[in-house]
$ cat target-v1.csv   # CSV, C-alpha atoms (C1' of nucleotides)
chain,number,residue,atom,x,y,z
V,1,MET,CA,121.6,120.5,92.5
V,2,ARG,CA,118.7,118.5,91.3
V,3,ILE,CA,119.3,114.7,91.4
V,4,ASN,CA,117.8,112.9,88.4
V,5,ILE,CA,119.0,109.3,88.6
V,6,GLU,CA,116.8,106.3,88.0
V,7,THR,CA,117.0,103.1,90.0
V,8,ALA,CA,117.4,101.2,86.7
V,9,GLU,CA,120.5,103.3,86.0
V,10,LEU,CA,121.9,102.4,89.5
V,11,GLN,CA,121.1,98.7,88.9
V,12,ALA,CA,122.9,98.9,85.5
V,13,PHE,CA,125.9,100.6,87.0
V,14,ILE,CA,126.2,98.1,89.8
V,15,ALA,CA,125.8,95.2,87.4
V,16,VAL,CA,128.6,96.5,85.1
V,17,ALA,CA,130.9,97.2,88.0
V,18,ARG,CA,130.4,93.6,89.3
V,19,GLN,CA,130.7,91.9,86.0
V,20,SER,CA,133.3,94.2,84.5
V,21,SER,CA,131.5,93.7,81.2
V,22,PHE,CA,128.6,95.5,79.5
V,23,ARG,CA,127.5,92.4,77.6
V,24,ALA,CA,127.5,90.1,80.7
V,25,ALA,CA,125.7,92.8,82.7
V,26,ALA,CA,123.1,93.3,80.0
V,27,GLU,CA,122.4,89.6,79.9
V,28,GLY,CA,121.9,89.6,83.7
V,29,LEU,CA,119.5,92.4,83.5
V,30,PHE,CA,117.6,90.9,80.5
V,31,ILE,CA,118.2,93.9,78.3
V,32,THR,CA,120.4,94.3,75.2
V,33,ALA,CA,123.9,95.8,75.5
V,34,PRO,CA,122.9,99.0,73.7
V,35,ALA,CA,120.2,99.6,76.2
V,36,LEU,CA,122.6,99.1,79.0
V,37,SER,CA,125.2,101.3,77.4
V,38,ARG,CA,122.6,104.1,77.2
V,39,ARG,CA,121.7,103.7,80.9
V,40,ILE,CA,125.4,104.1,81.9
V,41,GLU,CA,125.6,107.1,79.5
V,42,ASN,CA,122.6,108.8,81.1
V,43,LEU,CA,124.1,108.2,84.6
V,44,GLU,CA,127.4,109.6,83.6
V,45,ARG,CA,125.7,112.6,82.1
V,46,ALA,CA,123.7,113.2,85.3
V,47,LEU,CA,126.8,112.9,87.5
V,48,GLN,CA,128.9,114.8,84.9
V,49,GLU,CA,131.6,112.2,85.7
V,50,ARG,CA,132.9,109.2,83.7
V,51,LEU,CA,132.3,106.1,85.8
V,52,PHE,CA,134.1,103.4,83.7
V,53,ASP,CA,137.2,103.3,81.8
V,54,ARG,CA,136.3,101.0,79.0
V,55,THR,CA,137.5,99.6,75.7
V,56,THR,CA,136.0,96.7,73.8
V,57,ARG,CA,138.3,94.5,75.8
V,58,ARG,CA,138.3,95.9,79.3
V,59,VAL,CA,135.9,97.6,81.6
V,60,SER,CA,137.1,99.1,84.9
V,61,LEU,CA,135.9,101.6,87.4
V,62,THR,CA,137.3,105.1,87.4
V,63,PRO,CA,138.1,106.7,90.9
V,64,ALA,CA,134.7,108.5,90.6
V,65,GLY,CA,133.1,105.2,89.8
V,66,GLU,CA,134.6,103.4,92.8
V,67,LEU,CA,133.4,106.2,95.1
V,68,PHE,CA,129.9,106.1,93.5
V,69,LEU,CA,129.6,102.3,93.7
V,70,VAL,CA,129.8,102.4,97.5
V,71,HIS,CA,126.9,104.8,97.7
V,72,ALA,CA,124.9,103.2,94.9
V,73,GLN,CA,125.0,99.8,96.6
V,74,ALA,CA,123.9,101.4,99.9
V,75,VAL,CA,121.0,103.2,98.2
V,76,MET,CA,119.8,100.0,96.6
V,77,GLU,CA,120.1,98.0,99.8
V,78,GLU,CA,118.2,100.7,101.7
V,79,LEU,CA,115.5,100.7,99.0
V,80,GLU,CA,115.1,96.9,99.3
V,81,LEU,CA,114.8,97.2,103.0
V,82,ALA,CA,112.1,99.9,102.6
V,83,VAL,CA,110.1,97.7,100.2
V,84,LYS,CA,110.4,94.7,102.5
V,85,SER,CA,109.3,96.7,105.5
V,86,VAL,CA,106.2,98.0,103.7
V,87,GLU,CA,105.4,94.5,102.5
V,88,GLN,CA,105.7,92.9,105.9
V,89,GLY,CA,103.8,95.8,107.5
V,90,MET,CA,100.9,95.2,105.1
V,91,ALA,CA,101.0,91.5,105.7
V,92,HIS,CA,100.8,91.9,109.4
V,93,ARG,CA,98.2,94.6,109.3
V,94,ARG,CA,95.0,93.3,110.9
V,95,GLU,CA,91.5,94.1,110.0
V,96,HIS,CA,88.8,94.6,112.6
V,97,VAL,CA,85.2,93.7,112.4
V,98,THR,CA,82.8,94.7,115.2
V,99,VAL,CA,79.4,92.9,115.4
V,100,ALA,CA,76.8,93.8,117.9
V,101,CYS,CA,74.2,91.2,118.7
V,102,VAL,CA,71.8,90.0,121.4
V,103,PRO,CA,73.1,87.3,123.7
V,104,SER,CA,71.1,84.5,122.1
V,105,VAL,CA,72.8,85.1,118.8
V,106,ALA,CA,76.2,85.6,120.4
V,107,ASN,CA,75.9,82.4,122.4
V,108,ASN,CA,74.2,80.1,119.9
V,109,LEU,CA,74.8,81.3,116.4
V,110,LEU,CA,78.0,83.2,116.2
V,111,PRO,CA,80.3,80.4,117.3
V,112,LEU,CA,78.9,78.2,114.5
V,113,VAL,CA,79.6,81.0,112.0
V,114,LEU,CA,82.9,82.2,113.3
V,115,LYS,CA,84.6,78.8,113.2
V,116,PRO,CA,84.6,78.5,109.4
V,117,TYR,CA,85.0,82.3,109.1
V,118,ALA,CA,88.3,82.2,111.1
V,119,ARG,CA,89.7,79.6,108.7
V,120,THR,CA,89.3,81.9,105.7
V,121,HIS,CA,89.9,85.2,107.6
V,122,ALA,CA,92.7,84.5,110.0
V,123,ASN,CA,93.9,88.1,109.8
V,124,VAL,CA,90.6,89.6,110.9
V,125,ARG,CA,90.1,90.4,114.5
V,126,VAL,CA,86.4,90.1,115.5
V,127,ARG,CA,85.0,92.1,118.4
V,128,ILE,CA,81.6,91.0,119.6
V,129,ILE,CA,79.3,93.4,121.5
V,130,ASP,CA,76.7,91.1,123.1
V,131,GLU,CA,74.3,93.3,124.8
V,132,SER,CA,70.6,93.9,125.2
V,133,ALA,CA,68.6,94.7,122.0
V,134,ALA,CA,68.5,98.4,122.9
V,135,ASP,CA,72.3,98.5,123.4
V,136,VAL,CA,72.9,96.6,120.1
V,137,LEU,CA,70.7,99.2,118.3
V,138,GLU,CA,72.7,102.0,119.9
V,139,SER,CA,76.0,100.5,119.0
V,140,VAL,CA,75.0,100.3,115.3
V,141,ARG,CA,73.5,103.8,115.5
V,142,LYS,CA,76.7,105.3,116.9
V,143,GLY,CA,78.8,103.5,114.3
V,144,GLU,CA,80.6,101.5,117.1
V,145,ALA,CA,79.6,98.3,115.4
V,146,ASP,CA,79.9,97.5,111.7
V,147,PHE,CA,76.6,95.8,111.8
V,148,GLY,CA,74.2,94.2,114.3
V,149,VAL,CA,71.9,91.2,114.6
V,150,ASN,CA,68.9,92.3,116.5
V,151,PHE,CA,65.1,91.9,116.7
V,152,ILE,CA,64.4,95.6,117.1
V,153,GLY,CA,65.4,98.5,114.7
V,154,ALA,CA,63.0,97.9,111.8
V,155,GLN,CA,61.1,101.1,112.8
V,156,GLU,CA,64.2,103.3,113.1
V,157,ALA,CA,64.6,105.9,110.3
V,158,GLU,CA,68.4,105.8,110.3
V,159,ILE,CA,68.7,102.0,110.4
V,160,ASP,CA,68.4,99.4,107.6
V,161,PHE,CA,66.7,96.3,108.9
V,162,GLU,CA,67.0,93.1,106.8
V,163,GLU,CA,65.0,90.3,108.2
V,164,LEU,CA,67.0,87.0,108.4
V,165,THR,CA,64.6,84.7,110.2
V,166,ARG,CA,61.5,84.7,112.4
V,167,GLU,CA,61.8,82.7,115.6
V,168,ARG,CA,59.1,81.5,117.9
V,169,TYR,CA,59.0,81.8,121.7
V,170,LEU,CA,59.0,78.5,123.5
V,171,ALA,CA,57.9,77.6,127.0
V,172,VAL,CA,60.9,76.1,128.8
V,173,MET,CA,60.3,73.9,131.8
V,174,PRO,CA,61.7,71.0,133.8
V,175,SER,CA,61.3,67.7,131.9
V,176,HIS,CA,59.2,66.3,134.8
V,177,HIS,CA,56.8,69.3,134.8
V,178,PRO,CA,53.1,68.3,134.1
V,179,LEU,CA,52.9,70.6,131.0
V,180,ALA,CA,55.9,68.8,129.5
V,181,ALA,CA,53.6,66.0,128.5
V,182,GLN,CA,51.9,68.3,126.0
V,183,SER,CA,53.4,68.8,122.5
V,184,THR,CA,52.1,72.4,122.3
V,185,LEU,CA,50.8,74.8,124.9
V,186,HIS,CA,48.2,77.6,125.0
V,187,TRP,CA,49.0,80.8,126.7
V,188,LYS,CA,46.1,80.3,129.0
V,189,SER,CA,47.5,76.9,130.2
V,190,LEU,CA,50.4,78.9,131.7
V,191,ALA,CA,48.0,80.7,134.0
V,192,GLY,CA,48.8,80.0,137.6
V,193,GLU,CA,52.4,78.9,136.8
V,194,LYS,CA,55.4,80.5,138.5
V,195,LEU,CA,57.1,82.4,135.7
V,196,VAL,CA,60.9,83.0,135.3
V,197,SER,CA,61.3,86.1,133.3
V,198,VAL,CA,64.0,88.3,131.9
V,199,SER,CA,64.0,91.8,133.4
V,200,SER,CA,61.4,94.3,132.4
V,201,SER,CA,64.0,96.4,130.5
V,202,SER,CA,64.5,93.5,128.1
V,203,GLY,CA,63.0,93.6,124.6
V,204,ASN,CA,61.9,90.0,125.1
V,205,ARG,CA,59.9,91.0,128.1
V,206,SER,CA,58.0,93.7,126.2
V,207,LEU,CA,56.9,91.1,123.6
V,208,ILE,CA,55.9,88.6,126.3
V,209,ASP,CA,53.9,91.1,128.4
V,210,ASN,CA,52.1,92.1,125.2
V,211,ALA,CA,51.1,88.5,124.5
V,212,PHE,CA,49.9,88.0,128.1
V,213,SER,CA,47.8,91.1,127.9
V,214,ARG,CA,45.4,89.2,125.6
V,215,VAL,CA,45.1,86.3,128.2
V,216,PRO,CA,42.4,86.6,131.0
V,217,GLN,CA,44.5,84.9,133.6
V,218,ARG,CA,48.2,85.8,133.7
V,219,PRO,CA,50.9,83.8,135.3
V,220,VAL,CA,52.8,85.2,138.3
V,221,ILE,CA,56.4,86.4,137.5
V,222,GLN,CA,58.2,84.9,140.5
V,223,TYR,CA,61.8,85.3,139.3
V,224,GLU,CA,63.4,87.9,137.2
V,225,THR,CA,66.9,87.7,135.7
V,226,ASN,CA,69.0,90.0,133.5
V,227,HIS,CA,70.1,87.2,131.1
V,228,VAL,CA,68.5,84.3,129.4
V,229,ALA,CA,71.2,81.9,130.8
V,230,GLY,CA,70.2,82.8,134.3
V,231,ALA,CA,66.5,82.1,133.5
V,232,ILE,CA,67.4,78.7,132.1
V,233,SER,CA,69.4,77.8,135.2
V,234,LEU,CA,66.4,78.7,137.4
V,235,VAL,CA,64.1,76.6,135.2
V,236,ALA,CA,66.5,73.7,135.4
V,237,ALA,CA,66.4,74.0,139.2
V,238,GLY,CA,62.7,73.5,139.1
V,239,LEU,CA,61.8,77.0,140.1
V,240,GLY,CA,59.4,77.8,137.3
V,241,VAL,CA,58.6,78.1,133.6
V,242,ALA,CA,60.4,80.5,131.3
V,243,LEU,CA,59.3,81.9,127.9
V,244,LEU,CA,62.3,82.2,125.7
V,245,PRO,CA,63.1,82.7,122.0
V,246,GLU,CA,63.9,79.5,120.1
V,247,LEU,CA,67.4,80.6,119.3
V,248,ALA,CA,68.3,81.1,123.0
V,249,ILE,CA,67.9,77.4,123.8
V,250,ARG,CA,68.4,75.7,120.4
V,251,ASN,CA,72.0,74.8,121.0
V,252,ALA,CA,72.2,75.3,124.8
V,253,PRO,CA,73.6,72.2,126.6
V,254,TYR,CA,71.1,72.2,129.4
V,255,LYS,CA,69.9,68.8,130.7
V,256,GLY,CA,66.6,68.1,132.5
V,257,ILE,CA,64.6,70.8,130.6
V,258,VAL,CA,62.2,70.7,127.7
V,259,ALA,CA,60.8,73.4,125.4
V,260,ARG,CA,57.3,73.5,124.0
V,261,PRO,CA,55.9,75.8,121.4
V,262,VAL,CA,53.2,78.2,122.7
V,263,THR,CA,50.2,78.8,120.4
V,264,SER,CA,47.0,80.9,120.4
V,265,PRO,CA,48.6,83.1,119.5
V,266,VAL,CA,52.0,82.1,118.2
V,267,LEU,CA,54.5,84.7,119.5
V,268,SER,CA,57.5,85.2,117.4
V,269,ARG,CA,60.1,87.9,116.7
V,270,ALA,CA,61.9,88.9,113.5
V,271,MET,CA,65.7,88.6,113.8
V,272,GLY,CA,67.4,90.8,111.3
V,273,LEU,CA,70.7,92.3,110.2
V,274,ILE,CA,70.8,96.0,111.1
V,275,THR,CA,73.2,98.5,109.6
V,276,LEU,CA,73.4,102.3,109.6
V,277,LYS,CA,71.4,103.4,106.6
V,278,GLY,CA,73.6,103.9,103.5
V,279,ARG,CA,76.6,102.4,105.1
V,280,VAL,CA,78.7,100.2,102.9
V,281,LEU,CA,80.2,97.3,104.8
V,282,LYS,CA,84.0,96.8,104.5
V,283,PRO,CA,84.8,93.4,102.8
V,284,ALA,CA,85.6,91.5,106.0
V,285,ALA,CA,82.4,92.7,107.6
V,286,ALA,CA,80.3,92.0,104.5
V,287,THR,CA,81.7,88.4,104.4
V,288,LEU,CA,80.8,87.8,108.0
V,289,ALA,CA,77.3,89.3,107.5
V,290,GLN,CA,76.8,86.9,104.5
V,291,ALA,CA,77.9,84.0,106.6
V,292,LEU,CA,75.3,85.0,109.2
V,293,ARG,CA,72.6,85.3,106.5
V,294,GLU,CA,73.4,81.8,105.3
V,295,ALA,CA,73.4,80.3,108.9
V,296,MET,CA,70.1,81.9,109.6
V,297,ALA,CA,68.6,80.8,106.3
V,298,SER,CA,69.7,77.2,107.0
V,299,LYS,CA,67.3,77.1,110.0
V,300,PRO,CA,63.6,76.5,109.2
V,301,ARG,CA,61.7,79.7,109.2
V,302,LYS,CA,58.7,79.5,111.5
Q,1,DG,C1',93.2,112.3,69.7
Q,2,DT,C1',97.6,114.4,69.1
Q,3,DT,C1',102.2,115.5,70.3
Q,4,DA,C1',106.4,115.1,73.0
Q,5,DT,C1',109.4,112.3,75.4
Q,6,DA,C1',111.6,108.2,77.2
Q,7,DT,C1',113.0,103.6,76.6
Q,8,DG,C1',114.7,99.6,74.4
Q,9,DG,C1',115.8,96.6,70.3
Q,10,DC,C1',118.0,95.8,65.8
Q,11,DA,C1',121.5,96.6,62.6
Q,12,DA,C1',125.6,98.9,61.6
Q,13,DT,C1',129.8,100.9,63.0
Q,14,DA,C1',133.9,101.7,65.7
Q,15,DT,C1',137.4,100.1,68.6
Q,16,DT,C1',140.4,96.9,70.9
Q,17,DC,C1',143.4,93.1,71.1
Q,18,DG,C1',145.1,88.4,70.5
Q,19,DG,C1',146.9,85.3,67.0
Q,20,DC,C1',149.4,84.6,63.0
Y,1,DG,C1',151.0,94.7,60.0
Y,2,DC,C1',146.9,92.2,58.9
Y,3,DC,C1',142.9,89.6,60.1
Y,4,DG,C1',139.1,88.2,62.8
Y,5,DA,C1',136.6,87.9,67.0
Y,6,DA,C1',134.6,90.3,70.8
Y,7,DT,C1',132.3,94.1,72.5
Y,8,DA,C1',131.0,99.1,73.3
Y,9,DT,C1',128.7,102.7,70.9
Y,10,DT,C1',125.6,105.0,67.6
Y,11,DG,C1',121.7,105.7,64.3
Y,12,DC,C1',117.2,104.6,63.5
Y,13,DC,C1',112.9,102.9,64.5
Y,14,DA,C1',108.8,101.1,67.2
Y,15,DT,C1',106.4,101.3,71.3
Y,16,DA,C1',104.7,103.0,75.7
Y,17,DT,C1',103.5,106.7,78.5
Y,18,DA,C1',102.5,111.4,79.9
Y,19,DA,C1',100.8,115.9,79.0
Y,20,DC,C1',97.7,118.7,76.7
$ encode --input "target-v1.csv" --output "structure tokens"
Amino acid sequence: MRINIETAELQAFIAVARQSSFRAAAEGLFITAPALSRRIENLERALQERLFDRTTRRVSLTPAGELFLVHAQAVMEELELAVKSVEQGMAHRREHVTVACVPSVANNLLPLVLKPYARTHANVRVRIIDESAADVLESVRKGEADFGVNFIGAQEAEIDFEELTRERYLAVMPSHHPLAAQSTLHWKSLAGEKLVSVSSSSGNRSLIDNAFSRVPQRPVIQYETNHVAGAISLVAAGLGVALLPELAIRNAPYKGIVARPVTSPVLSRAMGLITLKGRVLKPAAATLAQALREAMASKPRK
DNA sequence: GTTATATGGCAATATTCGGC
DNA sequence: GCCGAATATTGCCATATAAC
């Protein structure tokens, strides 16, 4: 037997059964009495049973109607529960955004961007992959991250690189260091200094080594760390001078150190948004990317 | 774009029942 | 028994939607 009963017909049936009146039930359902009458007629035709004994003065359930009312109410209650459960399920569903970025961005820029983002996107769970430039590139390439913020990737065929800002490298030293008296430094003035450097596997290190290759007298790399934070700690302890990207120390709460621009030549790196070529960002990720664009744009481009 | 079907509203009709 | 009010039902039409 094929069941062909509409929920509107069940609602009409339940309303008439409760009100014992077609007219009152029709008013409650915001339809006219003839429309309601036809719904009941359709239902009775589908069931091949008369559900109400009615005259123009009295409406009462038949035995078949009483039996059907129990099941009709149960069906409507179950349907309401199903709708509520889907609505609540959708409301609680969380979105995920994964952003890969170098530590200087993760430590100094992301917190500033995520604070307002969290207010408007409370339902979005943000995962941050803060790794070396090479690992950030790999995370985006493998699709592990929705997008990345990195200073390498512009040359990769399968990566879209959108430059957001260009940041200089600064010489970071204790505030009592003799070079701290100068407003800008030449690369050659660093000759003979004990250098605190990030490890040779770092993208920063490649750029710095390349800059020193043009200087006749190179400084000695005395200390090597894996992370910028470690390098800054060694500088603060008076163990040497570090060359670090501007963003890495811009908001760092270190006391007793100063940063001076290095010129001749000015060494800088392009920091950009990297995505897998052709990939369309989901809305939550696109909004976060836009917030990063605006945050980067608010800094003076050097 | 056309046709078929479903739905609902308006107006008219049929029916019931209380009051006289 | 007649009348009038109340209400369910029916006929017709307009509109929306689906199928082709």
$ residues_near_point --input "target-v1.csv" --point "(109.6, 100.0, 78.3)" --cutoff "12 Å" --atoms "only C-alpha atoms (C1' of nucleotides)" --output "ChimeraX atom specification"
/V:8,31,35 /Q:6-9 /Y:14-17
$ residues_around --input "target-v1.csv" --residues "range 1-3 of chain Y" --least-positions-apart "2" --cutoff "10 Å" --atoms "all atoms listed in the file" --output "PDB file with C-alpha atoms (C1' of nucleotides), in the coordinates of the input"
ATOM      1  C1'  DG Q  19     146.900  85.300  67.000  1.00  0.00           C
ATOM      2  C1'  DC Q  20     149.400  84.600  63.000  1.00  0.00           C
TER       3       DC Q  20
ATOM      4  C1'  DA Y   5     136.600  87.900  67.000  1.00  0.00           C
TER       5       DA Y   5
END
$ closest_residue --input "target-v1.csv" --among "V:Pro116, V:Arg54, V:Arg45, V:Arg18" --to "chain Q" --atoms "only C-alpha atoms (C1' of nucleotides)"
V:Arg54
$ closest_atom_pairs --input "target-v1.csv" --of "chain Y" --to "chain V" --cutoff "8 Å" --atoms "all atoms listed in the file" --output "JSON lines"
{"residue": "Y:DA6", "atom": "C1'", "partner": "V:Thr56", "partner_atom": "CA", "distance": 7.2}
{"residue": "Y:DT7", "atom": "C1'", "partner": "V:Thr56", "partner_atom": "CA", "distance": 4.7}
{"residue": "Y:DA8", "atom": "C1'", "partner": "V:Thr56", "partner_atom": "CA", "distance": 5.6}
{"residue": "Y:DT9", "atom": "C1'", "partner": "V:Pro34", "partner_atom": "CA", "distance": 7.4}
$ atom_distance --input "target-v1.csv" --atom1 "CA of Gly65 in chain V" --atom2 "CA of Asn4 in chain V"
17.2 Å
$ atom_distance --input "target-v1.csv" --atom1 "CA of Leu36 in chain V" --atom2 "CA of Ala64 in chain V"
19.2 Å
$ closest_residue --input "target-v1.csv" --among "V:Leu243, V:Leu288, V:Ile249, V:Ala229" --to "His96 in chain V" --atoms "all atoms listed in the file"
V:Leu288
$ atom_distance --input "target-v1.csv" --atom1 "CA of Ala118 in chain V" --atom2 "CA of Gln88 in chain V"
21.1 Å
$ residues_around --input "target-v1.csv" --residues "range 108-112 of chain V" --least-positions-apart "5" --cutoff "9 Å" --atoms "all atoms listed in the file" --output "VMD selection string"
chain V and resid 103 247 to 252 292 295 to 296
$ closest_residue --input "target-v1.csv" --among "V:Ala289, V:Val196, V:Ile221, V:Ala26" --to "chain Q" --atoms "all atoms listed in the file"
V:Ala26
$ residues_near_point --input "target-v1.csv" --point "(122.3, 101.7, 66.5)" --cutoff "10 Å" --atoms "only C-alpha atoms (C1' of nucleotides)" --output "VMD selection string"
(chain V and resid 34) or (chain Q and resid 9 to 13) or (chain Y and resid 9 to 13)
$ closest_residue --input "target-v1.csv" --among "V:Ala270, V:Ala106, V:Leu281, V:Ala297" --to "Val136 in chain V" --atoms "only C-alpha atoms"
V:Ala106
$ build_atoms --input "target-v1.csv" --residues "range 232-241 of chain V" --atoms "all heavy atoms" --output "PDB file, keeping the file's coordinate frame"
ATOM      1  N   ILE V 232      67.330  80.157 132.388  1.00  0.00           N
ATOM      2  CA  ILE V 232      67.400  78.700 132.100  1.00  0.00           C
ATOM      3  C   ILE V 232      67.856  77.932 133.328  1.00  0.00           C
ATOM      4  O   ILE V 232      67.334  76.861 133.660  1.00  0.00           O
ATOM      5  CB  ILE V 232      68.247  78.430 130.870  1.00  0.00           C
ATOM      6  CG1 ILE V 232      67.601  79.018 129.618  1.00  0.00           C
ATOM      7  CG2 ILE V 232      68.463  76.935 130.687  1.00  0.00           C
ATOM      8  CD1 ILE V 232      68.420  78.881 128.354  1.00  0.00           C
ATOM      9  N   SER V 233      68.829  78.510 134.029  1.00  0.00           N
ATOM     10  CA  SER V 233      69.400  77.800 135.200  1.00  0.00           C
ATOM     11  C   SER V 233      68.270  77.706 136.293  1.00  0.00           C
ATOM     12  O   SER V 233      68.154  76.663 136.960  1.00  0.00           O
ATOM     13  CB  SER V 233      70.540  78.627 135.793  1.00  0.00           C
ATOM     14  OG  SER V 233      71.585  78.627 134.857  1.00  0.00           O
ATOM     15  N   LEU V 234      67.455  78.739 136.432  1.00  0.00           N
ATOM     16  CA  LEU V 234      66.400  78.700 137.400  1.00  0.00           C
ATOM     17  C   LEU V 234      65.325  77.653 137.027  1.00  0.00           C
ATOM     18  O   LEU V 234      64.792  76.926 137.873  1.00  0.00           O
ATOM     19  CB  LEU V 234      65.731  80.076 137.577  1.00  0.00           C
ATOM     20  CG  LEU V 234      66.639  81.166 138.165  1.00  0.00           C
ATOM     21  CD1 LEU V 234      65.888  82.495 138.255  1.00  0.00           C
ATOM     22  CD2 LEU V 234      67.150  80.771 139.546  1.00  0.00           C
ATOM     23  N   VAL V 235      65.046  77.578 135.724  1.00  0.00           N
ATOM     24  CA  VAL V 235      64.100  76.600 135.200  1.00  0.00           C
ATOM     25  C   VAL V 235      64.634  75.163 135.509  1.00  0.00           C
ATOM     26  O   VAL V 235      63.919  74.279 136.010  1.00  0.00           O
ATOM     27  CB  VAL V 235      63.824  76.751 133.717  1.00  0.00           C
ATOM     28  CG1 VAL V 235      63.043  75.563 133.159  1.00  0.00           C
ATOM     29  CG2 VAL V 235      63.072  78.052 133.472  1.00  0.00           C
ATOM     30  N   ALA V 236      65.923  74.977 135.205  1.00  0.00           N
ATOM     31  CA  ALA V 236      66.500  73.700 135.400  1.00  0.00           C
ATOM     32  C   ALA V 236      66.491  73.250 136.887  1.00  0.00           C
ATOM     33  O   ALA V 236      66.421  72.060 137.208  1.00  0.00           O
ATOM     34  CB  ALA V 236      67.980  73.688 134.914  1.00  0.00           C
ATOM     35  N   ALA V 237      66.503  74.257 137.765  1.00  0.00           N
ATOM     36  CA  ALA V 237      66.400  74.000 139.200  1.00  0.00           C
ATOM     37  C   ALA V 237      65.012  73.707 139.675  1.00  0.00           C
ATOM     38  O   ALA V 237      64.773  73.467 140.861  1.00  0.00           O
ATOM     39  CB  ALA V 237      67.036  75.160 139.978  1.00  0.00           C
ATOM     40  N   GLY V 238      64.053  73.773 138.737  1.00  0.00           N
ATOM     41  CA  GLY V 238      62.700  73.500 139.100  1.00  0.00           C
ATOM     42  C   GLY V 238      61.907  74.608 139.700  1.00  0.00           C
ATOM     43  O   GLY V 238      60.873  74.405 140.352  1.00  0.00           O
ATOM     44  N   LEU V 239      62.402  75.828 139.471  1.00  0.00           N
ATOM     45  CA  LEU V 239      61.800  77.000 140.100  1.00  0.00           C
ATOM     46  C   LEU V 239      60.654  77.610 139.322  1.00  0.00           C
ATOM     47  O   LEU V 239      59.956  78.493 139.810  1.00  0.00           O
ATOM     48  CB  LEU V 239      62.849  78.038 140.432  1.00  0.00           C
ATOM     49  CG  LEU V 239      63.892  77.588 141.468  1.00  0.00           C
ATOM     50  CD1 LEU V 239      65.054  78.567 141.540  1.00  0.00           C
ATOM     51  CD2 LEU V 239      63.240  77.450 142.849  1.00  0.00           C
ATOM     52  N   GLY V 240      60.447  77.213 138.065  1.00  0.00           N
ATOM     53  CA  GLY V 240      59.400  77.800 137.300  1.00  0.00           C
ATOM     54  C   GLY V 240      59.487  77.517 135.810  1.00  0.00           C
ATOM     55  O   GLY V 240      60.291  76.684 135.383  1.00  0.00           O
ATOM     56  N   VAL V 241      58.653  78.226 135.042  1.00  0.00           N
ATOM     57  CA  VAL V 241      58.600  78.100 133.600  1.00  0.00           C
ATOM     58  C   VAL V 241      59.085  79.402 132.967  1.00  0.00           C
ATOM     59  O   VAL V 241      58.714  80.481 133.454  1.00  0.00           O
ATOM     60  CB  VAL V 241      57.183  77.761 133.104  1.00  0.00           C
ATOM     61  CG1 VAL V 241      57.135  77.702 131.577  1.00  0.00           C
ATOM     62  CG2 VAL V 241      56.707  76.442 133.702  1.00  0.00           C
TER      63      VAL V 241
END
